[in-house]
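One file, work30.txt, carrying compact mmCIF, C-alpha atoms and all ligand atoms:
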```
# COMPACT_ATOMS: atom_id res chain seq x y z
CA MET A 1 53.56 -81.55 -34.99
CA LYS A 2 50.10 -82.99 -34.48
CA THR A 3 49.91 -86.74 -35.16
CA ARG A 4 46.83 -87.76 -37.10
CA ILE A 5 45.41 -91.20 -36.33
CA THR A 6 43.47 -92.68 -39.23
CA ARG A 7 41.99 -95.97 -40.38
CA SER A 8 42.13 -94.90 -44.02
CA PRO A 9 44.97 -96.29 -46.18
CA ARG A 10 44.08 -93.60 -48.74
CA VAL A 11 44.65 -90.78 -46.28
CA ALA A 12 47.91 -92.40 -45.16
CA ALA A 13 49.06 -92.80 -48.77
CA MET A 14 48.49 -89.06 -49.28
CA VAL A 15 50.78 -88.29 -46.35
CA LEU A 16 53.47 -90.50 -47.94
CA ARG A 17 53.05 -88.68 -51.26
CA ASP A 18 53.64 -85.38 -49.46
CA GLY A 19 56.93 -86.76 -48.16
CA GLY A 20 55.52 -87.42 -44.67
CA LEU A 21 55.96 -90.41 -42.38
CA VAL A 22 53.23 -92.98 -41.69
CA ALA A 23 53.32 -95.65 -38.99
CA PHE A 24 51.39 -98.73 -40.11
CA PRO A 25 50.62 -102.25 -38.91
CA THR A 26 52.32 -105.33 -40.30
CA GLU A 27 52.00 -108.97 -39.24
CA THR A 28 55.33 -108.77 -37.36
CA VAL A 29 55.41 -105.31 -35.70
CA TYR A 30 54.32 -101.77 -36.63
CA GLY A 31 56.58 -100.03 -39.15
CA LEU A 32 57.42 -96.34 -39.65
CA GLY A 33 57.10 -95.79 -43.39
CA ALA A 34 58.28 -93.23 -45.92
CA ASP A 35 58.52 -93.02 -49.70
CA ALA A 36 61.59 -95.19 -50.36
CA ARG A 37 62.63 -92.92 -53.26
CA ASN A 38 62.47 -89.63 -51.36
CA LYS A 39 65.71 -89.05 -49.53
CA HIS A 40 64.30 -86.19 -47.43
CA ALA A 41 61.53 -88.46 -46.16
CA ILE A 42 64.15 -91.12 -45.38
CA THR A 43 66.18 -88.63 -43.37
CA ALA A 44 63.02 -87.82 -41.40
CA ILE A 45 62.69 -91.51 -40.39
CA PHE A 46 66.18 -91.53 -38.87
CA LYS A 47 65.41 -88.26 -37.09
CA ALA A 48 62.03 -89.34 -35.65
CA LYS A 49 63.50 -92.60 -34.32
CA GLY A 50 66.86 -91.26 -33.23
CA ARG A 51 68.30 -94.07 -35.35
CA PRO A 52 72.04 -94.25 -36.06
CA PRO A 53 72.53 -93.33 -39.74
CA ASP A 54 74.61 -96.48 -40.42
CA ASN A 55 71.62 -98.79 -39.78
CA PRO A 56 69.81 -99.51 -43.09
CA LEU A 57 66.03 -99.77 -43.60
CA ILE A 58 63.80 -102.48 -45.06
CA VAL A 59 61.91 -101.59 -48.26
CA HIS A 60 58.34 -102.91 -48.35
CA LEU A 61 56.54 -103.86 -51.56
CA ALA A 62 53.01 -105.05 -52.31
CA ASP A 63 54.14 -107.94 -54.48
CA PRO A 64 57.33 -109.88 -55.32
CA ALA A 65 56.73 -108.98 -58.98
CA LEU A 66 57.76 -105.39 -58.12
CA LEU A 67 61.21 -106.41 -56.87
CA SER A 68 62.95 -105.16 -59.99
CA GLN A 69 62.00 -101.58 -58.94
CA VAL A 70 64.42 -101.77 -56.02
CA ALA A 71 66.82 -104.65 -56.82
CA MET A 72 69.53 -104.75 -59.48
CA ARG A 73 68.97 -108.47 -59.81
CA VAL A 74 67.18 -111.11 -57.79
CA PRO A 75 69.44 -114.04 -56.91
CA LYS A 76 68.00 -117.56 -57.41
CA SER A 77 67.91 -118.21 -53.67
CA ALA A 78 65.84 -115.05 -53.09
CA GLN A 79 63.45 -116.07 -55.86
CA ARG A 80 62.92 -119.49 -54.31
CA LEU A 81 62.46 -118.10 -50.81
CA LEU A 82 60.00 -115.43 -51.94
CA ALA A 83 58.04 -117.96 -53.98
CA ARG A 84 57.51 -119.93 -50.78
CA PHE A 85 57.31 -117.24 -48.05
CA ALA A 86 56.05 -114.03 -49.70
CA PRO A 87 53.93 -112.31 -48.72
CA GLY A 88 55.02 -112.87 -45.14
CA PRO A 89 57.53 -112.22 -42.35
CA LEU A 90 60.66 -112.73 -44.48
CA THR A 91 63.17 -110.05 -45.49
CA VAL A 92 65.71 -110.77 -48.24
CA ILE A 93 68.91 -108.81 -48.85
CA VAL A 94 69.59 -108.37 -52.58
CA PRO A 95 71.76 -106.06 -54.72
CA ARG A 96 70.41 -102.47 -54.61
CA HIS A 97 68.88 -100.75 -57.64
CA PRO A 98 70.36 -97.27 -58.30
CA ASP A 99 66.87 -95.71 -57.87
CA VAL A 100 66.98 -96.56 -54.17
CA PRO A 101 68.75 -93.65 -52.46
CA PRO A 102 71.85 -94.70 -50.48
CA ALA A 103 70.26 -93.11 -47.38
CA VAL A 104 67.82 -96.06 -47.29
CA THR A 105 70.60 -98.64 -47.21
CA ALA A 106 73.08 -96.62 -45.13
CA GLY A 107 75.37 -96.48 -48.17
CA LEU A 108 75.41 -100.27 -48.72
CA ASP A 109 75.11 -101.60 -52.27
CA THR A 110 72.53 -104.11 -51.05
CA VAL A 111 68.90 -103.53 -50.10
CA ALA A 112 66.58 -105.35 -47.69
CA VAL A 113 63.13 -106.14 -49.15
CA ARG A 114 59.96 -107.50 -47.57
CA ILE A 115 56.45 -108.17 -48.83
CA PRO A 116 54.18 -107.99 -45.77
CA ASN A 117 51.00 -110.05 -45.71
CA HIS A 118 49.05 -107.89 -43.24
CA PRO A 119 45.85 -106.66 -44.97
CA VAL A 120 46.30 -103.04 -43.78
CA ALA A 121 49.96 -102.96 -44.87
CA GLN A 122 48.89 -104.40 -48.23
CA ALA A 123 46.11 -101.80 -48.53
CA LEU A 124 48.60 -98.99 -47.82
CA LEU A 125 51.16 -100.32 -50.32
CA THR A 126 48.45 -100.65 -52.95
CA ALA A 127 46.95 -97.21 -52.28
CA TYR A 128 50.41 -95.66 -52.36
CA GLY A 129 51.58 -97.59 -55.41
CA GLY A 130 55.32 -97.49 -54.67
CA PRO A 131 58.03 -98.89 -52.40
CA ILE A 132 57.81 -97.90 -48.72
CA ALA A 133 60.97 -97.91 -46.58
CA ALA A 134 60.14 -98.75 -42.97
CA PRO A 135 62.00 -99.71 -39.83
CA SER A 136 60.06 -100.73 -36.73
CA ALA A 137 58.10 -97.74 -35.36
CA ASN A 138 59.89 -97.44 -32.00
CA ARG A 139 62.48 -94.97 -30.76
CA SER A 140 65.90 -96.45 -31.46
CA GLY A 141 66.89 -99.17 -28.97
CA ARG A 142 63.37 -99.64 -27.58
CA PRO A 143 61.04 -102.64 -27.98
CA SER A 144 59.21 -102.70 -31.32
CA PRO A 145 55.57 -101.58 -31.08
CA THR A 146 52.95 -104.23 -31.73
CA THR A 147 49.88 -101.98 -31.28
CA TRP A 148 48.99 -98.53 -32.62
CA ARG A 149 48.79 -97.25 -29.05
CA ALA A 150 52.38 -98.29 -28.45
CA VAL A 151 53.37 -96.38 -31.60
CA ALA A 152 51.53 -93.31 -30.29
CA GLU A 153 53.40 -93.58 -26.99
CA GLU A 154 56.73 -93.76 -28.81
CA LEU A 155 56.21 -91.21 -31.57
CA ASP A 156 53.22 -88.95 -30.83
CA GLY A 157 54.03 -85.41 -31.96
CA ARG A 158 57.08 -86.58 -33.92
CA ILE A 159 55.30 -88.01 -36.99
CA PRO A 160 52.32 -86.77 -39.02
CA CYS A 161 50.29 -89.97 -39.25
CA ILE A 162 49.50 -93.34 -37.67
CA LEU A 163 47.49 -95.79 -39.78
CA ARG A 164 45.56 -97.63 -37.14
CA GLY A 165 44.97 -101.40 -37.20
CA SER A 166 44.76 -104.30 -34.77
CA ALA A 167 47.67 -105.75 -32.79
CA SER A 168 50.43 -107.39 -34.85
CA PRO A 169 49.70 -111.13 -34.82
CA ILE A 170 53.34 -112.34 -34.74
CA GLY A 171 54.84 -109.77 -32.40
CA LEU A 172 58.53 -110.23 -33.37
CA GLU A 173 60.32 -108.82 -36.40
CA SER A 174 60.84 -110.62 -39.71
CA THR A 175 63.61 -113.11 -40.44
CA VAL A 176 66.40 -111.31 -42.35
CA LEU A 177 68.28 -113.41 -44.91
CA ASP A 178 71.31 -112.29 -46.88
CA CYS A 179 70.83 -113.67 -50.39
CA THR A 180 73.86 -112.02 -52.00
CA GLY A 181 76.40 -114.75 -51.19
CA SER A 182 76.80 -118.29 -52.53
CA HIS A 183 74.44 -119.60 -49.82
CA PRO A 184 71.74 -117.55 -48.09
CA ALA A 185 72.64 -116.65 -44.50
CA ILE A 186 70.36 -115.65 -41.63
CA LEU A 187 71.26 -112.16 -40.35
CA ARG A 188 68.33 -111.89 -37.93
CA GLU A 189 66.21 -114.69 -36.50
CA GLY A 190 62.49 -114.14 -36.95
CA ALA A 191 59.07 -115.58 -37.44
CA ILE A 192 60.15 -117.85 -40.30
CA SER A 193 62.18 -120.53 -38.59
CA ARG A 194 65.45 -122.09 -39.72
CA GLU A 195 63.64 -125.40 -40.03
CA ALA A 196 61.14 -123.86 -42.49
CA LEU A 197 63.93 -122.09 -44.42
CA ARG A 198 65.98 -125.29 -44.70
CA GLY A 199 62.98 -126.89 -46.39
CA VAL A 200 63.49 -124.47 -49.31
CA CYS A 201 67.23 -123.80 -48.96
CA PRO A 202 69.04 -126.84 -47.52
CA GLN A 203 72.27 -124.90 -48.08
CA LEU A 204 71.36 -122.28 -45.52
CA ALA A 205 74.62 -120.99 -44.06
CA ASP A 206 74.99 -120.57 -40.35
CA TYR A 207 75.60 -116.96 -39.55
CA ASN A 208 78.27 -116.39 -36.97
CA PRO A 209 78.28 -112.91 -35.54
CA PRO A 210 81.38 -111.18 -36.91
CA SER A 211 84.48 -110.78 -34.83
CA VAL A 212 85.27 -107.34 -33.45
CA LYS A 213 87.55 -106.55 -36.38
CA GLU A 214 85.14 -107.43 -39.16
CA PRO A 215 82.33 -104.92 -39.94
CA PRO A 216 78.91 -106.42 -39.11
CA ARG A 217 76.99 -107.70 -42.12
CA SER A 218 73.72 -106.51 -40.65
CA PRO A 219 74.55 -103.21 -39.00
CA GLY A 220 71.44 -103.30 -36.80
CA GLN A 221 72.74 -106.34 -34.95
CA LYS A 222 75.47 -104.45 -33.18
CA TYR A 223 73.14 -102.15 -31.24
CA ARG A 224 71.44 -102.77 -27.93
CA HIS A 225 67.84 -103.56 -28.76
CA TYR A 226 64.35 -104.31 -27.61
CA ALA A 227 65.03 -102.96 -24.14
CA PRO A 228 62.33 -101.61 -21.84
CA THR A 229 63.21 -99.27 -18.98
CA ALA A 230 62.94 -102.16 -16.49
CA GLN A 231 65.80 -104.64 -16.10
CA VAL A 232 65.18 -107.88 -18.03
CA VAL A 233 66.51 -111.08 -16.42
CA LEU A 234 66.32 -114.58 -17.94
CA VAL A 235 65.40 -117.57 -15.78
CA ASP A 236 64.77 -121.28 -16.40
CA GLN A 237 61.74 -121.61 -14.13
CA PRO A 238 59.51 -119.68 -11.70
CA GLN A 239 61.52 -121.17 -8.80
CA ASP A 240 64.45 -119.00 -9.91
CA VAL A 241 62.65 -115.67 -9.42
CA PRO A 242 64.10 -114.01 -6.30
CA THR A 243 61.80 -113.42 -3.35
CA ARG A 244 62.94 -109.86 -2.74
CA ARG A 245 61.06 -106.86 -4.17
CA ALA A 246 58.16 -108.95 -5.48
CA ALA A 247 56.01 -105.81 -5.58
CA GLN A 248 58.22 -104.34 -8.31
CA THR A 249 58.76 -107.61 -10.14
CA ALA A 250 57.05 -109.17 -13.15
CA TYR A 251 57.32 -112.57 -14.82
CA ILE A 252 56.44 -113.92 -18.25
CA GLY A 253 56.86 -117.51 -19.38
CA LEU A 254 55.32 -120.84 -20.27
CA THR A 255 54.99 -122.17 -16.71
CA HIS A 256 53.74 -120.35 -13.65
CA ASP A 257 53.83 -122.59 -10.63
CA GLY A 258 56.40 -122.71 -7.92
CA PHE A 259 57.29 -119.04 -7.31
CA PRO A 260 58.89 -118.69 -3.87
CA VAL A 261 56.94 -115.39 -3.70
CA ARG A 262 54.47 -114.49 -6.44
CA PRO A 263 55.61 -111.42 -8.42
CA ARG A 264 53.16 -108.53 -8.83
CA ARG A 265 52.51 -109.23 -12.51
CA VAL A 266 52.56 -112.73 -13.94
CA ARG A 267 51.82 -113.64 -17.54
CA ARG A 268 51.63 -117.27 -18.50
CA CYS A 269 51.68 -117.97 -22.24
CA ARG A 270 50.05 -121.03 -23.81
CA ASP A 271 52.96 -121.66 -26.15
CA THR A 272 56.04 -120.06 -27.68
CA ALA A 273 54.02 -118.32 -30.40
CA GLU A 274 51.84 -116.59 -27.81
CA TYR A 275 54.94 -115.70 -25.78
CA ALA A 276 56.47 -114.10 -28.91
CA ARG A 277 53.25 -112.24 -29.69
CA LEU A 278 52.89 -110.79 -26.19
CA LEU A 279 56.50 -110.14 -25.15
CA PHE A 280 56.95 -106.54 -26.30
CA ARG A 281 53.43 -105.61 -25.12
CA PHE A 282 54.21 -107.09 -21.74
CA PHE A 283 57.42 -105.06 -21.52
CA ARG A 284 55.45 -101.89 -22.17
CA ALA A 285 52.70 -102.74 -19.68
CA CYS A 286 55.39 -103.40 -17.05
CA GLU A 287 57.01 -100.02 -17.73
CA LYS A 288 53.70 -98.28 -17.19
CA HIS A 289 53.09 -100.01 -13.89
CA GLY A 290 56.41 -99.19 -12.34
CA VAL A 291 57.88 -102.69 -12.60
CA ARG A 292 61.66 -102.62 -12.16
CA TRP A 293 62.62 -106.25 -12.84
CA ILE A 294 61.08 -108.42 -15.55
CA TYR A 295 61.91 -112.12 -15.25
CA CYS A 296 61.51 -113.97 -18.53
CA GLN A 297 61.51 -117.74 -18.80
CA ARG A 298 63.93 -119.21 -21.34
CA VAL A 299 62.39 -121.38 -24.09
CA PRO A 300 63.77 -124.20 -26.26
CA GLU A 301 65.52 -122.81 -29.34
CA THR A 302 63.40 -124.37 -32.06
CA GLY A 303 60.86 -122.75 -34.39
CA ILE A 304 60.00 -119.22 -33.28
CA GLY A 305 61.69 -120.06 -29.95
CA ARG A 306 65.02 -119.18 -31.53
CA ALA A 307 63.90 -115.66 -32.47
CA LEU A 308 62.25 -115.25 -29.08
CA MET A 309 65.48 -116.22 -27.28
CA ASP A 310 67.44 -113.83 -29.52
CA ARG A 311 65.17 -110.91 -28.48
CA LEU A 312 65.20 -111.96 -24.83
CA ARG A 313 69.00 -112.08 -24.75
CA ARG A 314 69.32 -108.69 -26.39
CA ALA A 315 66.73 -107.15 -24.07
CA ALA A 316 68.70 -108.56 -21.13
CA ASN A 317 71.82 -107.17 -22.83
CA HIS A 318 73.77 -110.40 -22.83
O1 LIG A 401 59.36 -107.26 -39.33
C1 LIG A 401 60.14 -106.37 -39.71
O2 LIG A 401 61.16 -106.63 -40.36
C2 LIG A 401 59.77 -104.92 -39.36
C3 LIG A 401 58.52 -104.55 -40.15
C4 LIG A 401 58.14 -103.10 -39.98
O3 LIG A 401 58.69 -104.86 -41.51
N1 LIG A 401 60.86 -104.04 -39.67
C5 LIG A 401 62.01 -104.03 -38.95
O4 LIG A 401 62.93 -103.07 -39.38
O5 LIG A 401 62.23 -104.78 -38.02
P1 LIG A 401 64.20 -102.63 -38.54
O6 LIG A 401 64.74 -101.44 -39.24
O7 LIG A 401 63.81 -102.47 -37.13
O8 LIG A 401 65.21 -103.81 -38.71
C6 LIG A 401 65.83 -104.03 -39.98
C7 LIG A 401 67.03 -104.91 -39.83
C8 LIG A 401 68.16 -104.19 -39.12
O9 LIG A 401 68.82 -105.11 -38.26
C9 LIG A 401 69.08 -103.78 -40.29
O10 LIG A 401 70.42 -103.63 -39.91
C10 LIG A 401 68.87 -104.94 -41.26
O11 LIG A 401 67.51 -105.27 -41.13
N2 LIG A 401 69.15 -104.52 -42.65
C11 LIG A 401 68.44 -103.65 -43.41
N3 LIG A 401 69.03 -103.48 -44.61
C12 LIG A 401 70.12 -104.28 -44.64
C13 LIG A 401 71.13 -104.56 -45.60
N4 LIG A 401 71.13 -103.98 -46.80
N5 LIG A 401 72.11 -105.43 -45.26
C14 LIG A 401 72.09 -106.04 -44.06
N6 LIG A 401 71.16 -105.82 -43.10
C15 LIG A 401 70.20 -104.95 -43.38
MG MG A 402 63.81 -102.18 -35.17
```

Represent the supplied structure as structure tokens.
Amino acid sequence: MKTRITRSPRVAAMVLRDGGLVAFPTETVYGLGADARNKHAITAIFKAKGRPPDNPLIVHLADPALLSQVAMRVPKSAQRLLARFAPGPLTVIVPRHPDVPPAVTAGLDTVAVRIPNHPVAQALLTAYGGPIAAPSANRSGRPSPTTWRAVAEELDGRIPCILRGSASPIGLESTVLDCTGSHPAILREGAISREALRGVCPQLADYNPPSVKEPPRSPGQKYRHYAPTAQVVLVDQPQDVPTRRAAQTAYIGLTHDGFPVRPRRVRRCRDTAEYARLLFRFFRACEKHGVRWIYCQRVPETGIGRALMDRLRRAANH
């Protein structure tokens, strides 16, 4: 299959209408979209990504007012959260409408919904005029793509269309909140911090990863994730980067003085937000340049630092 790269949301919407897949930019990461009501198109997403069929997808909408197309009902907590954070990097889990094929939600009776605020994602949703189911546009288990070139590297020849835009400004995936229980619970840390969520929902429940016996509430969380081909290792400071094999070593973090031996690639980030934005891109650049060990500096777990640490730990396979 030849992958067409376009800047036209109209062209991309046509591909969706034909039941094809379209990768498109969002403010968090690039998504791999399909008509959320076409179960053949949904199957194609799982196939192109090599995604386990028990891992449900997020449905994207242009506007919170359209939620009733995909949700049976919208719990009060979801309404409040969307009023404050939509459009934006927040995903809410709500009861699924029967029009959403079970393939989208991996058979669950809940559905994940997000209203992206990226102008190109909005243009696509508007041109298409319906709900778009979209996971991140990487092969399963790999870092999410934050540029259209990264999408092309992951999926060229496997999907019909990439809607091209600029790099995703946040760089980490959305915060996923389960709104079906008595108190909303965070299933995945993301760009919207706990602190910000507590401002709207003081009752925010702390999500404890389920024990081995209990099925996971967010199936995606059980898989190894965000991993480049190089080995990711977490350190507290540049002093902790080993001196051996510096030529095949890279480092990313907030501080960059005091290496015993300077690694071949070093990326210092101004702050945690820049670190989050650049992390997955840095992983990919390291892969291309034959780096075998990527040392990543730990950050304080506040604000987006919590999501960043979550991705770093998973990439390091802790
Ligand atoms: O920022 C994002 O959320 C990006 C952009 C493209 O919107 N999308 C994204 O999708 O990260 P994906 O498929 O890579 O991650 C979706 C996560 C998975 O961990 C999945 O298990 C969880 O959301 N999820 C989806 N539907 C769910 C449901 N009904 N119940 C619980 N978890 C769900
Ligand atoms: Mg993903």

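Where the distance criterion is 10 Å and the atoms used are all atoms listed in the file, the residues close to ligand MG 402 (chain A) are A:Val29, A:Tyr30, A:Gly31, A:Leu32, A:Lys49, A:Arg51, A:Asn55, A:Leu57, A:Ile58, A:Ala134, A:Pro135, A:Ser136, A:Ala137, A:Asn138, A:Arg139, A:Ser140, A:Gly141, A:Arg142, A:Pro143, A:Ser144, A:Pro145, A:Leu172, A:Glu173, A:Gly220, A:Gln221, A:His225, A:Tyr226.
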
- prompt: If you measure from atom C6 of ligand LIG 401 (chain A) to CA of Glu153 in chain A, what distance in Å do you get, rounded to one decimal?
  reply: 20.8 Å

message: At a cut-off of 10 Å, using only C-alpha atoms, what residues contact Ala205 in chain A? Leave out same-chain residues fewer than 5 positions from it and give the result as a ChimeraX atom specification.
response: /A:177-178,181-186,198

- prompt: Which polymer residues have any atom within 6 Å of an atom of range 65-82 of chain A, counting only C-alpha atoms, with same-chain residues fewer than 6 positions away left out, as a ChimeraX atom specification?
  reply: /A:95-97,179

message: I need the residue nearest ligand LIG 401 (chain A) from this list: A:Thr249, A:Asn317, A:Thr180, A:Asn38. Use all atoms listed in the file for the distance.
response: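 Ranked by minimum distance to ligand LIG 401 (chain A), first place goes to A:Thr180.
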
- request: Between CA of Arg270 in chain A and CA of Ala246 in chain A, measure the distance and give it in Å to one decimal.
  value: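 Value for the CA of Arg270 in chain A-CA of Ala246 in chain A distance: 23.4 Å.
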
task: Could you jot down the CA of Ile252 in chain A to CA of Glu154 in chain A separation for me, Å, one decimal place?
output: 22.8 Å

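With distances restricted to only C-alpha atoms and all ligand atoms, A:Val111 is the closest residue to ligand LIG 401 (chain A) from A:Val111, A:Leu204, A:Ala13, A:Ala86.
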
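Within 12 Å of Arg281 in chain A, once only C-alpha atoms are used and residues closer than 5 positions along the same chain are dropped, the contacting residues are Val29, Arg142, Pro143, Ser144, Pro145, Thr146, Thr147, Trp148, Arg149, Ala150, Val151, Ala167, Ser168, Pro169, Ile170, Gly171, Leu172, Tyr226, Ala227, Pro228, Ile252, Arg267, Glu274, Tyr275, Ala276, Cys286, Glu287 and Lys288 of chain A.
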
With C-alpha atoms retained, could you export that selection as a compact mmCIF listing (two decimals), keeping the file's coordinate frame?
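Result saved to again33.txt:
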```txt
# COMPACT_ATOMS: atom_id res chain seq x y z
CA VAL A 29 55.41 -105.31 -35.70
CA ARG A 142 63.37 -99.64 -27.58
CA PRO A 143 61.04 -102.64 -27.98
CA SER A 144 59.21 -102.70 -31.32
CA PRO A 145 55.57 -101.58 -31.08
CA THR A 146 52.95 -104.23 -31.73
CA THR A 147 49.88 -101.98 -31.28
CA TRP A 148 48.99 -98.53 -32.62
CA ARG A 149 48.79 -97.25 -29.05
CA ALA A 150 52.38 -98.29 -28.45
CA VAL A 151 53.37 -96.38 -31.60
CA ALA A 167 47.67 -105.75 -32.79
CA SER A 168 50.43 -107.39 -34.85
CA PRO A 169 49.70 -111.13 -34.82
CA ILE A 170 53.34 -112.34 -34.74
CA GLY A 171 54.84 -109.77 -32.40
CA LEU A 172 58.53 -110.23 -33.37
CA TYR A 226 64.35 -104.31 -27.61
CA ALA A 227 65.03 -102.96 -24.14
CA PRO A 228 62.33 -101.61 -21.84
CA ILE A 252 56.44 -113.92 -18.25
CA ARG A 267 51.82 -113.64 -17.54
CA GLU A 274 51.84 -116.59 -27.81
CA TYR A 275 54.94 -115.70 -25.78
CA ALA A 276 56.47 -114.10 -28.91
CA CYS A 286 55.39 -103.40 -17.05
CA GLU A 287 57.01 -100.02 -17.73
CA LYS A 288 53.70 -98.28 -17.19
```

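Shortest separation to Arg264 in chain A among A:Ala62, A:Leu197, A:Ala247, A:Val291 occurs at residue A:Ala247, atoms counted being all atoms listed in the file.
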
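Distance check against ligand LIG 401 (chain A) using only C-alpha atoms and all ligand atoms: of A:Ile115, A:Ile294, A:Leu278, A:Ile162, the minimum falls on A:Ile115.
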
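Protein and nucleic acid residues near (51.6, -121.4, -14.1) are Gln237, Pro238, Gln239, Tyr251, Ile252, Gly253, Leu254, Thr255, His256, Asp257, Gly258, Phe259, Arg262, Val266, Arg267, Arg268, Cys269, Arg270 and Gln297 of chain A, the criterion being any atom at most 12 Å away using all atoms listed in the file.
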
message: Under the rule that all atoms listed in the file are counted, which of A:Ile5, A:Val299, A:Thr175, A:Ile132 is the nearest residue to ligand LIG 401 (chain A)?
response: A:Thr175

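Ranking A:Cys201, A:Val235, A:Val94, A:Ala196 by their shortest atom-to-atom distance to ligand LIG 401 (chain A), with all atoms listed in the file included, puts A:Val94 first.
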
task: For Leu163 in chain A, please output as number ranges by chain all residues within 9 Å (counting all atoms listed in the file; exclusion window: fewer than 4 positions along the same chain).
output: A: 4-9, 11-12, 22-25, 120, 124, 148

For range 13-19 of chain A, which lacks atoms in the input, supply all heavy atoms and format the output as a CSV table (one decimal), in the coordinates of the input.
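Final file, out-v4.csv:
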```
chain,number,residue,atom,x,y,z
A,13,ALA,N,48.3,-92.8,-47.5
A,13,ALA,CA,49.1,-92.8,-48.8
A,13,ALA,C,49.3,-91.4,-49.2
A,13,ALA,O,50.4,-91.0,-49.7
A,13,ALA,CB,48.3,-93.6,-49.9
A,14,MET,N,48.3,-90.5,-48.9
A,14,MET,CA,48.5,-89.1,-49.3
A,14,MET,C,49.6,-88.4,-48.5
A,14,MET,O,50.4,-87.6,-49.0
A,14,MET,CB,47.2,-88.3,-49.0
A,14,MET,CG,46.5,-87.8,-50.3
A,14,MET,SD,44.7,-87.8,-50.1
A,14,MET,CE,44.5,-86.9,-48.6
A,15,VAL,N,49.7,-88.8,-47.2
A,15,VAL,CA,50.8,-88.3,-46.4
A,15,VAL,C,52.1,-88.7,-46.9
A,15,VAL,O,53.1,-87.9,-47.0
A,15,VAL,CB,50.6,-88.8,-44.9
A,15,VAL,CG1,51.8,-88.4,-44.0
A,15,VAL,CG2,49.3,-88.3,-44.3
A,16,LEU,N,52.2,-90.0,-47.3
A,16,LEU,CA,53.5,-90.5,-47.9
A,16,LEU,C,53.8,-89.7,-49.2
A,16,LEU,O,55.0,-89.3,-49.4
A,16,LEU,CB,53.3,-92.0,-48.3
A,16,LEU,CG,53.3,-93.0,-47.1
A,16,LEU,CD1,53.0,-94.4,-47.7
A,16,LEU,CD2,54.5,-92.9,-46.3
A,17,ARG,N,52.8,-89.4,-50.0
A,17,ARG,CA,53.0,-88.7,-51.3
A,17,ARG,C,53.6,-87.3,-51.0
A,17,ARG,O,54.4,-86.7,-51.8
A,17,ARG,CB,51.8,-88.6,-52.1
A,17,ARG,CG,51.8,-89.6,-53.2
A,17,ARG,CD,50.5,-89.7,-54.0
A,17,ARG,NE,50.0,-91.0,-54.0
A,17,ARG,CZ,48.8,-91.4,-53.5
A,17,ARG,NH1,47.9,-90.5,-53.1
A,17,ARG,NH2,48.5,-92.7,-53.6
A,18,ASP,N,53.1,-86.7,-49.9
A,18,ASP,CA,53.6,-85.4,-49.5
A,18,ASP,C,55.0,-85.4,-48.8
A,18,ASP,O,55.5,-84.4,-48.3
A,18,ASP,CB,52.7,-84.7,-48.4
A,18,ASP,CG,51.4,-84.3,-49.1
A,18,ASP,OD1,51.4,-84.2,-50.3
A,18,ASP,OD2,50.4,-84.0,-48.4
A,19,GLY,N,55.6,-86.6,-48.8
A,19,GLY,CA,56.9,-86.8,-48.2
A,19,GLY,C,56.9,-87.0,-46.7
A,19,GLY,O,57.9,-86.9,-46.0
```
